Protein chains: 2
Amino acid sequence: MAVVLPTRTRFLLDEERIPRAWYNIAADLPTPPPPPLHPGTGQPIGPGDLAPLFPMELIKQVVATDREIEIPDPVRDAYKLYRPSPLHRARNLEKALDTPAHIYYKYEGGSPSGSHKPNTALAQAFYMKDEGVERAATETGAGQWGSALAFAGAHFGLDVKVYMVRASYDQKPYRRILMETYGASVSASPSLETEFGRGVLRDNPDHTGSLGLAISEAIEDVMTHPGSKYSLGSVFDFVLLHQTVIGQESIEQMELAGEEPDVIIGCAGGGSNFAGLTFPWLGRTFRGGKSYRVIAAEPEAAPSLTRGVYAYDFGDTAKTTPLVKMHTLGADFIPEPIHAGGLRYHGMAPLVSHLKEIGAIEARSVHQLACFAAGVQFARTEGILPAPEPTHALKVAIDEALDARAAGEERVILFNLCGHGHFDLSAYEQYLAGTLEDYEYPDEKVAAALAALPGVG
Amino acid sequence: MAVVLPTRTRFLLDEERIPRAWYNIAADLPTPPPPPLHPGTGQPIGPGDLAPLFPMELIKQVVATDREIEIPDPVRDAYKLYRPSPLHRARNLEKALDTPAHIYYKYEGGSPSGSHKPNTALAQAFYMKDEGVERAATETGAGQWGSALAFAGAHFGLDVKVYMVRASYDQKPYRRILMETYGASVSASPSLETEFGRGVLRDNPDHTGSLGLAISEAIEDVMTHPGSKYSLGSVFDFVLLHQTVIGQESIEQMELAGEEPDVIIGCAGGGSNFAGLTFPWLGRTFRGGKSYRVIAAEPEAAPSLTRGVYAYDFGDTAKTTPLVKMHTLGADFIPEPIHAGGLRYHGMAPLVSHLKEIGAIEARSVHQLACFAAGVQFARTEGILPAPEPTHALKVAIDEALDARAAGEERVILFNLCGHGHFDLSAYEQYLAGTLEDYEYPDEKVAAALAALPGVG
């Protein structure tokens, strides 16, 4: 009757094993990615263009080509609150799937804010404080990122202002309260606090917001508040860099498990948790090691990598960011309100997009309903209730495990379970009640948004 | 500026270090506790009286006097999903308090359901399934226990029925949905599904329920559903026994830290997380080792240990349980709706009560507002948002640390952070808004309830 699990299930590392440096994939890329461009001049941007927004140390990280970028001691010490994160072997899920595949997952949901986001939030808050910045402004969709920055701000004594997409602000009050408990100030976006927000609300007082719009508000906030800098939770190179602690730890933990992955999977919205897990593995390949199948799992409702174009585009709705070359559905495209709020983004990190272009990674899009089915199966077998975002990676992992069964292969699968779903239970309730909506790829909306691409570069 | 933490912060153990046996304090007690009595005969109950409710292996554990009770392999394997749990040193909190005290906390919030409750839920579900039981019925207050049993039921393939106190059912829908996601069936109590529930609703259709009332419903459910057994999350000896994995791990982890505690603190509602942390340490004392100050932290609104009487009383409102000798406020006493739902109980575990009587432990009651203030301070320093229950232990730990500062002592404090507060954010919101109520000790209500004590033994 009872399930008897063979030893071992969890692979832990002591805090001495927290990486001492972030891994910079720029050092190993076969070809460099196209540079970000200034939207006015069409020329590559320089450090001076970014200085009003970011601390200088972060700007240096964007252009650095060293393979290792040292993690400052105060950041590494703060990581000790929750890192190294565990690597689990999903033995119960394997059994339920009756698969010869070995499924491993790196679990980032044990952090104080419940996801991988503190890995970069702590770094960004540290550098700001270290350079005399007193206040950070940012945007958040579902609230994972805002919670992480609020936590990091509390840790390093930095004031935090969060523009939270109104749809989430209304639907996920617990996320807002968590940020406020950490001491952050939270406004629903569009807000009356920025010129851009006021303009949007003038046209549509009931506007429910979007991530691109909230980014525009946060940037305007920083430009109009001396002593403030801008912080963001994905897309940008330095954010991806800080997440590589995940992949580096996973390499050591897979060695403890005595296995090497064949397939490595992360969900991808802006791209940072995907990059965090996969870049250190891809680096090994680029340096002449084994080739892995690396898969980015994205929502069918916002499939930038699988259905977007690779072009220069803006990161935000107000078109105030530099132009970056990425897989995009168009900066004007506002995705349907899927519950994986962290994946509701029109673009993809330039570094991840570049890897797709050079054939180093694959991408796959999955439907919302199938993801929630996977999430429920995971909760009932492995115990952990996943956030909607990583159910995308989970769904692809399950498909790979079933494919391995069909092929009779002992495939080794590694995926990133980047957060728990304790704030997302209303979505699970809808799924269980059969009222959760699915979304098809929105051809016409994407076509309209793509028609407005800047056409640069 | 940035806080520089001296190494080390987290003390982890590998899964090989999960204890192989539960620690049975009965083997080391200087004097045995008074036996449970049959309410009809006034005589000590025997295994036969308990057989309709519990699996035989659990009944055997209640009367066992062996110091070690082996943990079955399938339970120990299930523990591997989240155990050993980490021990943290709260260096940032120490700094914020400017105290020479060293504060350590055992963190049980990383379990799939977010608290220590799975430690016994997995054991109870295993024994039921192993003895051919197909369905478990239980009660839950705030939902921590119900979530844990739902998770354990999903793990071992056992159907789970939960009677959830209506006040929580209405206020904490996320907890209900979590149970349903694991596959459990949840009813608000009082319900129309039991004779007792229907009677209560006839008298008061708007009754918001209580833990004692939900226990009565769950017991009636089991007595009227063949193939079902009763499961409970605290108070009973075997529940406390299963939680001793916490304390055993903490002994090993404090050795890693190179320190021995002077003060050991747990919050106490029914008594199981308190017992889980402290019994293995108390056992060392009873066997001739160092004496620790061991403190049970309870809410001012339900202070059974500090203000109740030590007498034989019923465990539930319908007065269907055996009579147990415990510190009680009277089975008729229904505590005010404090947010620490897990501490809203009129009695205290007989074993914990006995330890208080023989002077092995102290007790202290704390107010709701002071606990939430401690919880916010903890979130802002250590990152983890505590559930309302362990903020009681935290508050006492902070008081001890401040006392150590006043005394100029390097006191070593260990407490049990038995769950995270991600489901309790509406309470934190009320606290931050200044609208959270405090509760004084309810003299008159307690006096009335105590007047109805059975007067046995």
# chains A, B, ... in the order shown; residues from 1 in each chain; ligands from 1
>>> residues_around(residues="segment 443-447 of chain A", least_positions_apart="5", cutoff="12 Å", atoms="only C-alpha atoms", output="PyMOL selection string")
chain A and resi 300-304+307-309+328-336+346-347+452-453
>>> select_by_dssp(residues="segment 165-342 of chain B", states="strand (DSSP E or B)", output="number ranges by chain")
B: 165, 185-189, 228-230, 263-267, 293-299, 309-314, 323-328
>>> interface_residues(of="chain B", to="chain A", cutoff="8 Å", atoms="only C-alpha atoms", output="MDAnalysis selection string")
chainID B and resid 1:15 73:74 77:78 80:82 88 110 112:113 126 129:130 151 154:157 174 177:178 181:183 376 379:385 422:423 425:426 428:429 432
>>> residues_around(residues="segment 30-44 of chain A", least_positions_apart="5", cutoff="6 Å", atoms="only C-alpha atoms", output="ChimeraX atom specification")
/A:322-324,354
>>> select_by_dssp(residues="segment 142-351 of chain A", states="alpha helix (DSSP H)", output="JSON, numbers by chain")
{"A": [144, 145, 146, 147, 148, 149, 150, 151, 152, 153, 154, 155, 156, 166, 167, 168, 169, 170, 171, 173, 174, 175, 176, 177, 178, 179, 180, 181, 195, 196, 197, 198, 199, 200, 201, 202, 203, 211, 212, 213, 214, 215, 216, 217, 218, 219, 220, 221, 222, 223, 224, 237, 238, 239, 240, 241, 242, 243, 244, 245, 246, 247, 248, 249, 250, 251, 252, 253, 254, 255, 256, 257, 272, 273, 274, 275, 276, 277, 278, 279, 280, 281, 282, 283, 284, 285, 286, 304, 305, 306, 307, 350, 351]}
>>> residues_around(residues="segment 397-406 of chain A", least_positions_apart="6", cutoff="12 Å", atoms="only C-alpha atoms", output="PyMOL selection string")
chain A and resi 90+93-105+261-267+293-297+364+366+370-371+373-375+377-378+390-391+412-417
>>> write_last_selection(atoms="C-alpha atoms", output="PDB file, in the first residue's frame")
ATOM      1  CA  ALA A  90      10.413  13.970  -7.513  1.00  0.00           C
ATOM      2  CA  LEU A  93       5.713  12.132  -9.289  1.00  0.00           C
ATOM      3  CA  GLU A  94       7.896   9.683 -11.218  1.00  0.00           C
ATOM      4  CA  LYS A  95       5.894   6.845  -9.689  1.00  0.00           C
ATOM      5  CA  ALA A  96       2.575   8.489 -10.507  1.00  0.00           C
ATOM      6  CA  LEU A  97       3.705   8.951 -14.112  1.00  0.00           C
ATOM      7  CA  ASP A  98       5.070   5.388 -14.233  1.00  0.00           C
ATOM      8  CA  THR A  99       8.102   6.725 -16.027  1.00  0.00           C
ATOM      9  CA  PRO A 100      11.687   5.515 -16.145  1.00  0.00           C
ATOM     10  CA  ALA A 101      12.713   9.188 -16.245  1.00  0.00           C
ATOM     11  CA  HIS A 102      14.406  10.722 -13.228  1.00  0.00           C
ATOM     12  CA  ILE A 103      12.829  14.084 -12.430  1.00  0.00           C
ATOM     13  CA  TYR A 104      14.740  16.612 -10.345  1.00  0.00           C
ATOM     14  CA  TYR A 105      13.583  20.043  -9.314  1.00  0.00           C
ATOM     15  CA  PRO A 261      20.604  16.092 -16.744  1.00  0.00           C
ATOM     16  CA  ASP A 262      19.588  15.384 -20.318  1.00  0.00           C
ATOM     17  CA  VAL A 263      16.872  18.027 -20.323  1.00  0.00           C
ATOM     18  CA  ILE A 264      16.847  21.309 -18.344  1.00  0.00           C
ATOM     19  CA  ILE A 265      13.621  23.317 -18.131  1.00  0.00           C
ATOM     20  CA  GLY A 266      12.573  26.698 -16.781  1.00  0.00           C
ATOM     21  CA  CYS A 267       9.467  28.755 -17.277  1.00  0.00           C
ATOM     22  CA  ARG A 293      18.368  20.015 -24.270  1.00  0.00           C
ATOM     23  CA  VAL A 294      17.415  23.305 -22.640  1.00  0.00           C
ATOM     24  CA  ILE A 295      13.747  24.260 -22.873  1.00  0.00           C
ATOM     25  CA  ALA A 296      12.040  27.575 -22.073  1.00  0.00           C
ATOM     26  CA  ALA A 297       8.373  26.991 -21.159  1.00  0.00           C
ATOM     27  CA  ARG A 364       7.636  25.459 -25.972  1.00  0.00           C
ATOM     28  CA  VAL A 366       1.704  25.558 -22.913  1.00  0.00           C
ATOM     29  CA  ALA A 370      -2.862  22.017 -18.705  1.00  0.00           C
ATOM     30  CA  CYS A 371      -0.498  23.876 -16.386  1.00  0.00           C
ATOM     31  CA  ALA A 373      -3.668  20.179 -14.023  1.00  0.00           C
ATOM     32  CA  ALA A 374       0.075  19.614 -13.683  1.00  0.00           C
ATOM     33  CA  GLY A 375       0.156  21.814 -10.578  1.00  0.00           C
ATOM     34  CA  GLN A 377      -0.868  16.521  -9.758  1.00  0.00           C
ATOM     35  CA  PHE A 378       2.368  17.870  -8.328  1.00  0.00           C
ATOM     36  CA  PRO A 390       6.524  27.235 -12.605  1.00  0.00           C
ATOM     37  CA  THR A 391       3.596  24.971 -13.506  1.00  0.00           C
ATOM     38  CA  VAL A 412      17.207  12.756 -16.527  1.00  0.00           C
ATOM     39  CA  ILE A 413      15.069  15.885 -16.286  1.00  0.00           C
ATOM     40  CA  LEU A 414      15.844  18.973 -14.216  1.00  0.00           C
ATOM     41  CA  PHE A 415      13.442  21.880 -13.819  1.00  0.00           C
ATOM     42  CA  ASN A 416      13.175  25.003 -11.733  1.00  0.00           C
ATOM     43  CA  LEU A 417      10.257  25.161  -9.311  1.00  0.00           C
TER      44      LEU A 417
END
>>> closest_residue(among="B:Ser228, B:Thr194, B:Asn24, B:Gln124", to="Phe279 of chain B", atoms="only C-alpha atoms")
B:Asn24
>>> atom_distance(atom1="atom CA of Ser216 of chain B", atom2="atom CA of Gly197 of chain B")
8.5 Å
>>> residues_around(residues="Arg67 of chain B", least_positions_apart="4", cutoff="12 Å", atoms="only C-alpha atoms", output="NGL selection string")
:B and (21-29 or 61 or 63 or 241 or 244 or 279-280 or 283-284 or 287)
>>> residues_around(residues="Ala268 of chain A", least_positions_apart="2", cutoff="8 Å", atoms="only C-alpha atoms", output="compact mmCIF listing (two decimals) with N, CA, C and O atoms, in the first residue's frame")
# COMPACT_ATOMS: atom_id res chain seq x y z
N GLY A 266 13.04 25.61 -17.64
CA GLY A 266 12.57 26.70 -16.78
C GLY A 266 11.41 27.39 -17.46
O GLY A 266 11.33 27.41 -18.70
N GLY A 270 9.95 37.03 -18.31
CA GLY A 270 11.04 37.92 -18.67
C GLY A 270 12.32 37.13 -18.93
O GLY A 270 13.18 37.56 -19.67
N GLY A 271 12.42 35.97 -18.29
CA GLY A 271 13.54 35.08 -18.55
C GLY A 271 14.51 34.84 -17.41
O GLY A 271 15.45 34.07 -17.55
N SER A 272 14.28 35.45 -16.24
CA SER A 272 15.34 35.40 -15.23
C SER A 272 15.45 34.09 -14.48
O SER A 272 16.55 33.64 -14.17
N ASN A 273 14.32 33.44 -14.15
CA ASN A 273 14.49 32.16 -13.44
C ASN A 273 15.00 31.10 -14.40
O ASN A 273 15.79 30.23 -14.03
N PHE A 274 14.55 31.20 -15.65
CA PHE A 274 15.05 30.28 -16.70
C PHE A 274 16.56 30.42 -16.84
O PHE A 274 17.31 29.44 -16.83
N ALA A 296 12.77 26.48 -22.72
CA ALA A 296 12.04 27.57 -22.07
C ALA A 296 10.54 27.31 -22.25
O ALA A 296 10.07 27.12 -23.37
N ALA A 297 9.81 27.27 -21.12
CA ALA A 297 8.37 26.99 -21.16
C ALA A 297 7.62 28.30 -20.98
O ALA A 297 7.79 28.98 -19.96
N GLU A 298 6.81 28.65 -21.95
CA GLU A 298 6.11 29.93 -21.87
C GLU A 298 4.61 29.74 -22.08
O GLU A 298 4.17 28.73 -22.61
N LEU A 343 4.53 35.76 -16.05
CA LEU A 343 4.83 35.41 -17.45
C LEU A 343 4.04 36.28 -18.44
O LEU A 343 4.06 36.03 -19.63
N MET A 348 11.07 39.18 -24.17
CA MET A 348 11.89 38.15 -23.54
C MET A 348 13.28 38.73 -23.35
O MET A 348 13.73 39.54 -24.17
>>> atom_distance(atom1="atom CA of Tyr292 of chain A", atom2="atom CA of Leu369 of chain A")
28.3 Å
